[in-house]
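Trainee: The file below is protein_33.txt, compact mmCIF, C-alpha atoms:
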# COMPACT_ATOMS: atom_id res chain seq x y z
CA MET V 14 0.00 0.00 0.00
CA TYR V 15 1.68 3.11 -1.27
CA LEU V 16 -0.06 5.53 1.10
CA ALA V 17 0.63 3.49 4.24
CA ARG V 18 4.28 3.16 3.29
CA HIS V 19 4.42 6.95 3.12
CA GLY V 20 3.02 7.57 6.61
CA VAL V 21 -0.73 7.70 5.90
CA GLU V 22 -3.03 5.74 8.21
CA VAL V 23 -5.01 3.37 5.97
CA THR V 24 -8.02 1.22 6.85
CA GLY V 25 -9.25 -1.41 4.40
CA VAL V 26 -12.79 -2.72 4.90
CA ASP V 27 -14.10 -5.76 3.03
CA LEU V 28 -17.15 -7.98 3.37
CA SER V 29 -15.17 -11.08 2.36
CA PRO V 30 -13.18 -12.75 5.16
CA VAL V 31 -11.09 -14.46 2.46
CA GLN V 32 -10.09 -11.11 0.94
CA VAL V 33 -9.33 -9.58 4.35
CA GLU V 34 -7.03 -12.49 5.28
CA ARG V 35 -5.35 -12.33 1.86
CA ALA V 36 -4.72 -8.59 2.27
CA ARG V 37 -3.33 -9.12 5.78
CA ARG V 38 -0.88 -11.71 4.44
CA TRP V 39 0.18 -9.63 1.42
CA TRP V 40 0.72 -6.44 3.37
CA ASP V 41 1.94 -7.92 6.67
CA GLY V 42 4.34 -5.61 8.46
CA VAL V 43 3.30 -2.37 6.75
CA PRO V 44 2.88 0.16 9.56
CA GLY V 45 -0.33 2.20 9.67
CA LEU V 46 -2.29 -0.36 7.66
CA THR V 47 -5.37 -2.06 9.14
CA PHE V 48 -7.78 -4.49 7.47
CA VAL V 49 -11.28 -5.01 8.83
CA HIS V 50 -13.83 -7.69 7.97
CA ALA V 51 -17.19 -5.87 7.95
CA ASP V 52 -20.02 -4.51 5.89
CA VAL V 53 -18.88 -0.97 5.11
CA ARG V 54 -22.25 0.46 6.20
CA ASP V 55 -21.90 -1.17 9.62
CA TYR V 56 -18.29 -0.05 9.92
CA LEU V 57 -19.02 3.59 9.03
CA ALA V 58 -22.11 3.71 11.26
CA ALA V 59 -20.28 2.24 14.28
CA HIS V 60 -17.16 4.42 14.17
CA THR V 61 -16.69 8.14 14.66
CA GLN V 62 -13.31 8.34 12.92
CA VAL V 63 -13.21 10.77 10.00
CA PHE V 64 -11.18 10.27 6.85
CA ASP V 65 -9.51 12.55 4.34
CA ALA V 66 -10.48 10.15 1.57
CA ILE V 67 -12.60 7.06 1.02
CA TYR V 68 -11.72 4.95 -1.99
CA SER V 69 -13.56 1.93 -3.39
CA VAL V 70 -11.96 -0.21 -6.10
CA TRP V 71 -14.67 -2.34 -7.69
CA GLY V 72 -16.03 -2.80 -4.17
CA ALA V 73 -18.43 -1.35 -1.64
CA VAL V 74 -19.85 1.43 -3.81
CA TRP V 75 -20.71 -1.12 -6.48
CA PHE V 76 -22.30 -3.61 -4.08
CA THR V 77 -24.07 -1.27 -1.64
CA ASP V 78 -27.24 0.75 -2.07
CA PRO V 79 -25.97 4.32 -2.62
CA GLU V 80 -28.99 5.72 -0.76
CA GLN V 81 -27.66 3.97 2.35
CA LEU V 82 -23.93 4.31 1.70
CA LEU V 83 -23.49 7.90 0.49
CA PRO V 84 -24.87 9.58 3.64
CA LEU V 85 -22.54 7.45 5.79
CA VAL V 86 -19.55 8.29 3.60
CA ALA V 87 -20.39 12.02 3.72
CA GLU V 88 -20.56 11.87 7.54
CA ARG V 89 -17.14 10.21 7.79
CA LEU V 90 -15.25 12.50 5.41
CA VAL V 91 -13.57 15.68 6.61
CA PRO V 92 -14.80 18.92 5.00
CA GLY V 93 -13.40 18.86 1.49
CA GLY V 94 -12.73 15.10 1.79
CA VAL V 95 -12.66 12.95 -1.31
CA LEU V 96 -14.79 9.97 -2.29
CA ALA V 97 -13.29 8.13 -5.26
CA PHE V 98 -14.49 4.88 -6.72
CA SER V 99 -14.21 2.61 -9.72
CA GLN V 100 -16.36 -0.20 -11.00
CA ALA V 101 -17.32 -1.82 -14.26
CA GLU V 102 -18.88 0.36 -16.89
CA PRO V 103 -22.66 0.07 -16.55
CA ALA V 104 -24.39 -2.16 -19.07
CA PRO V 105 -26.31 -0.22 -21.70
CA GLY V 106 -29.62 0.90 -20.22
CA ALA V 107 -28.71 -0.28 -16.70
CA CYS V 108 -30.12 1.79 -13.90
CA GLY V 109 -30.03 0.35 -10.42
CA PRO V 110 -29.14 -3.00 -8.95
CA PRO V 111 -29.36 -5.96 -11.35
CA PRO V 112 -28.52 -9.26 -9.62
CA MET V 113 -25.28 -11.08 -10.28
CA ARG V 114 -25.24 -14.83 -9.65
CA GLY V 115 -22.35 -17.25 -9.35
CA LYS V 116 -19.68 -18.88 -7.21
CA TRP V 117 -17.35 -15.97 -7.97
CA LEU V 118 -16.72 -15.13 -4.30
CA GLU V 119 -13.79 -17.27 -3.14
CA GLY V 120 -14.52 -19.91 -0.56
CA ARG V 121 -18.16 -20.32 -1.64
CA GLU V 122 -19.51 -23.82 -2.23
CA HIS V 123 -22.93 -22.62 -3.37
CA GLU V 124 -24.01 -20.02 -5.86
CA LEU V 125 -24.44 -16.54 -4.40
CA THR V 126 -26.66 -13.74 -5.65
CA VAL V 127 -25.55 -10.17 -5.06
CA LEU V 128 -26.77 -6.82 -6.30
CA ARG V 129 -24.51 -4.36 -8.14
CA TRP V 130 -25.58 -0.74 -8.42
CA GLN V 131 -25.01 0.31 -12.00
CA TYR V 132 -25.65 3.87 -13.12
CA ALA V 133 -24.42 5.99 -15.98
CA PRO V 134 -21.96 8.75 -15.04
CA GLU V 135 -24.75 11.37 -15.18
CA ALA V 136 -26.89 9.36 -12.75
CA TRP V 137 -23.97 9.01 -10.32
CA THR V 138 -23.46 12.76 -10.53
CA GLY V 139 -27.10 13.34 -9.57
CA LEU V 140 -26.95 10.87 -6.68
CA LEU V 141 -23.79 12.43 -5.30
CA LYS V 142 -25.17 15.98 -5.59
CA ARG V 143 -28.33 14.93 -3.77
CA HIS V 144 -26.19 13.65 -0.90
CA GLY V 145 -24.21 16.89 -0.59
CA PHE V 146 -21.12 16.15 -2.67
CA THR V 147 -19.53 18.75 -4.93
CA GLY V 148 -16.76 18.88 -7.53
CA ILE V 149 -18.08 15.67 -9.04
CA HIS V 150 -16.33 14.09 -11.99
CA ALA V 151 -17.77 10.85 -13.37
CA SER V 152 -16.68 9.25 -16.62
CA VAL V 153 -16.02 5.92 -18.29
CA LEU V 154 -12.49 4.95 -19.20
CA GLU V 155 -12.70 2.80 -22.31
CA ALA V 156 -11.31 -0.72 -22.17
CA PRO V 157 -7.99 -1.30 -23.96
CA GLU V 158 -9.63 -4.07 -26.01
CA PRO V 159 -12.53 -3.19 -28.32
CA GLY V 160 -15.84 -4.75 -27.29
CA LYS V 161 -14.84 -5.17 -23.63
CA PRO V 162 -16.50 -3.14 -20.86
CA GLY V 163 -14.67 -0.08 -19.64
CA THR V 164 -14.23 1.23 -16.11
CA LEU V 165 -16.44 3.83 -14.48
CA LEU V 166 -14.30 6.33 -12.54
CA VAL V 167 -15.93 8.76 -10.10
CA ARG V 168 -14.47 11.44 -7.83
CA ALA V 169 -16.38 13.84 -5.57
CA ARG V 170 -15.76 16.04 -2.53
CA THR V 171 -17.70 16.92 0.55
CA CYS V 172 -18.43 20.61 1.07
CA ALA V 173 -15.43 22.45 2.51
Translate the structure of the given file into structure tokens.

Mentor:
Amino acid sequence: MYLARHGVEVTGVDLSPVQVERARRWWDGVPGLTFVHADVRDYLAAHTQVFDAIYSVWGAVWFTDPEQLLPLVAERLVPGGVLAFSQAEPAPGACGPPPMRGKWLEGREHELTVLRWQYAPEAWTGLLKRHGFTGIHASVLEAPEPGKPGTLLVRARTCA
């Protein structure tokens, strides 16, 4: 973790115990780096710590209802704090949480169904504005291979 190695306190939160243990092994010994197994909504609601930035890489923002998550994130960011996230480019016409089924989560013996919140960049901008964020930039980075889905990149700030 680049930031932790440069003196920044970093907390990683993941719903998957397998991913948390993997991260702990990979980054063992890095000072200032903590990994927590929890639902991000529960973690943010239970703690009073504030953060300069909250970053989600194909994670919590994709798999959590933004109407529940965004107010919690806004409460835990310092004034002017940054929310940044990435996830798969939304499918054409997608708006909301279509289910995803499979054994894709490591350690699962049975198929699991999860929801993924997919919105176009303009819809994410509206959601973020409604929850008090400013300076919003949302766009899709095209995939390097034609015909493959790109990556949605979003950055927003809390009011300073």

Trainee: With all atoms listed in the file as the atoms that count, which of V:Ala136, V:Val26, V:Ala17, V:Val43 lies nearest to Pro103 (chain V)?

Mentor: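 Among the listed residues, the smallest separation from Pro103 (chain V) belongs to V:Ala136.
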
Trainee: Show me, as an MDAnalysis selection string, the residues that have an atom within 10 Å of region 83-88 of chain V when counting only C-alpha atoms, minus same-chain residues fewer than 2 positions from it.

Mentor: chainID V and resid 53:58 61:64 66:67 74 77:81 90:92 94:96 140:141 143:146 170:172

Trainee: What does the structure give for the distance between CA of Ser152 (chain V) and CA of Gln131 (chain V), in Å to one decimal?

Mentor: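 Rounded to one decimal, the two atoms are 13.1 Å apart.
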
Trainee: CA of Glu22 (chain V) and CA of Ala36 (chain V) are how many Å apart?

Mentor: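 Those two atoms sit 15.6 Å apart.
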
Trainee: As an exercise, work out the distance from CA of Asp41 (chain V) to CA of Leu28 (chain V) in Å and give it to one decimal place.

Mentor: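 Value for the CA of Asp41 (chain V)-CA of Leu28 (chain V) distance: 19.4 Å.
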
Trainee: Kindly indicate which residue among V:Ala101, V:Val49, V:Leu82, V:Ala73 lies nearest to Glu155 (chain V), using all atoms listed in the file for the distances.

Mentor: V:Ala101

Trainee: With only C-alpha atoms as the counted atoms, please give the residues lying no more than 9 Å from Gly72 (chain V), apart from itself and same-chain residues fewer than 2 positions off, as a list in words.

Mentor: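 That gives Asp27, Ser69, Val70, Val74, Trp75, Phe76, Thr77, Phe98, Ser99 and Gln100 of chain V.
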
Trainee: Restrict the selected residues to C-alpha atoms and save them as a PDB file, keeping the file's coordinate frame.

Mentor:
ATOM      1  CA  ASP V  27     -14.100  -5.760   3.030  1.00  0.00           C
ATOM      2  CA  SER V  69     -13.560   1.930  -3.390  1.00  0.00           C
ATOM      3  CA  VAL V  70     -11.960  -0.210  -6.100  1.00  0.00           C
ATOM      4  CA  VAL V  74     -19.850   1.430  -3.810  1.00  0.00           C
ATOM      5  CA  TRP V  75     -20.710  -1.120  -6.480  1.00  0.00           C
ATOM      6  CA  PHE V  76     -22.300  -3.610  -4.080  1.00  0.00           C
ATOM      7  CA  THR V  77     -24.070  -1.270  -1.640  1.00  0.00           C
ATOM      8  CA  PHE V  98     -14.490   4.880  -6.720  1.00  0.00           C
ATOM      9  CA  SER V  99     -14.210   2.610  -9.720  1.00  0.00           C
ATOM     10  CA  GLN V 100     -16.360  -0.200 -11.000  1.00  0.00           C
TER      11      GLN V 100
END

Trainee: I need the residue nearest Ala51 (chain V) from this list: V:Lys161, V:Tyr68, V:Gln32, V:Arg38. Use all atoms listed in the file for the distance.

Mentor: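 Among V:Lys161, V:Tyr68, V:Gln32, V:Arg38, it is V:Gln32 that comes nearest to Ala51 (chain V).
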
Trainee: With 8 Å on each side, where is the centre of the axis-aligned box around all listed atoms of region 135-144 of chain V, and how long are its edges in Å to one decimal, as JSON?

Mentor:
{"center_x": -25.9, "center_y": 12.5, "center_z": -8.0, "size_x": 20.9, "size_y": 23.0, "size_z": 30.3}
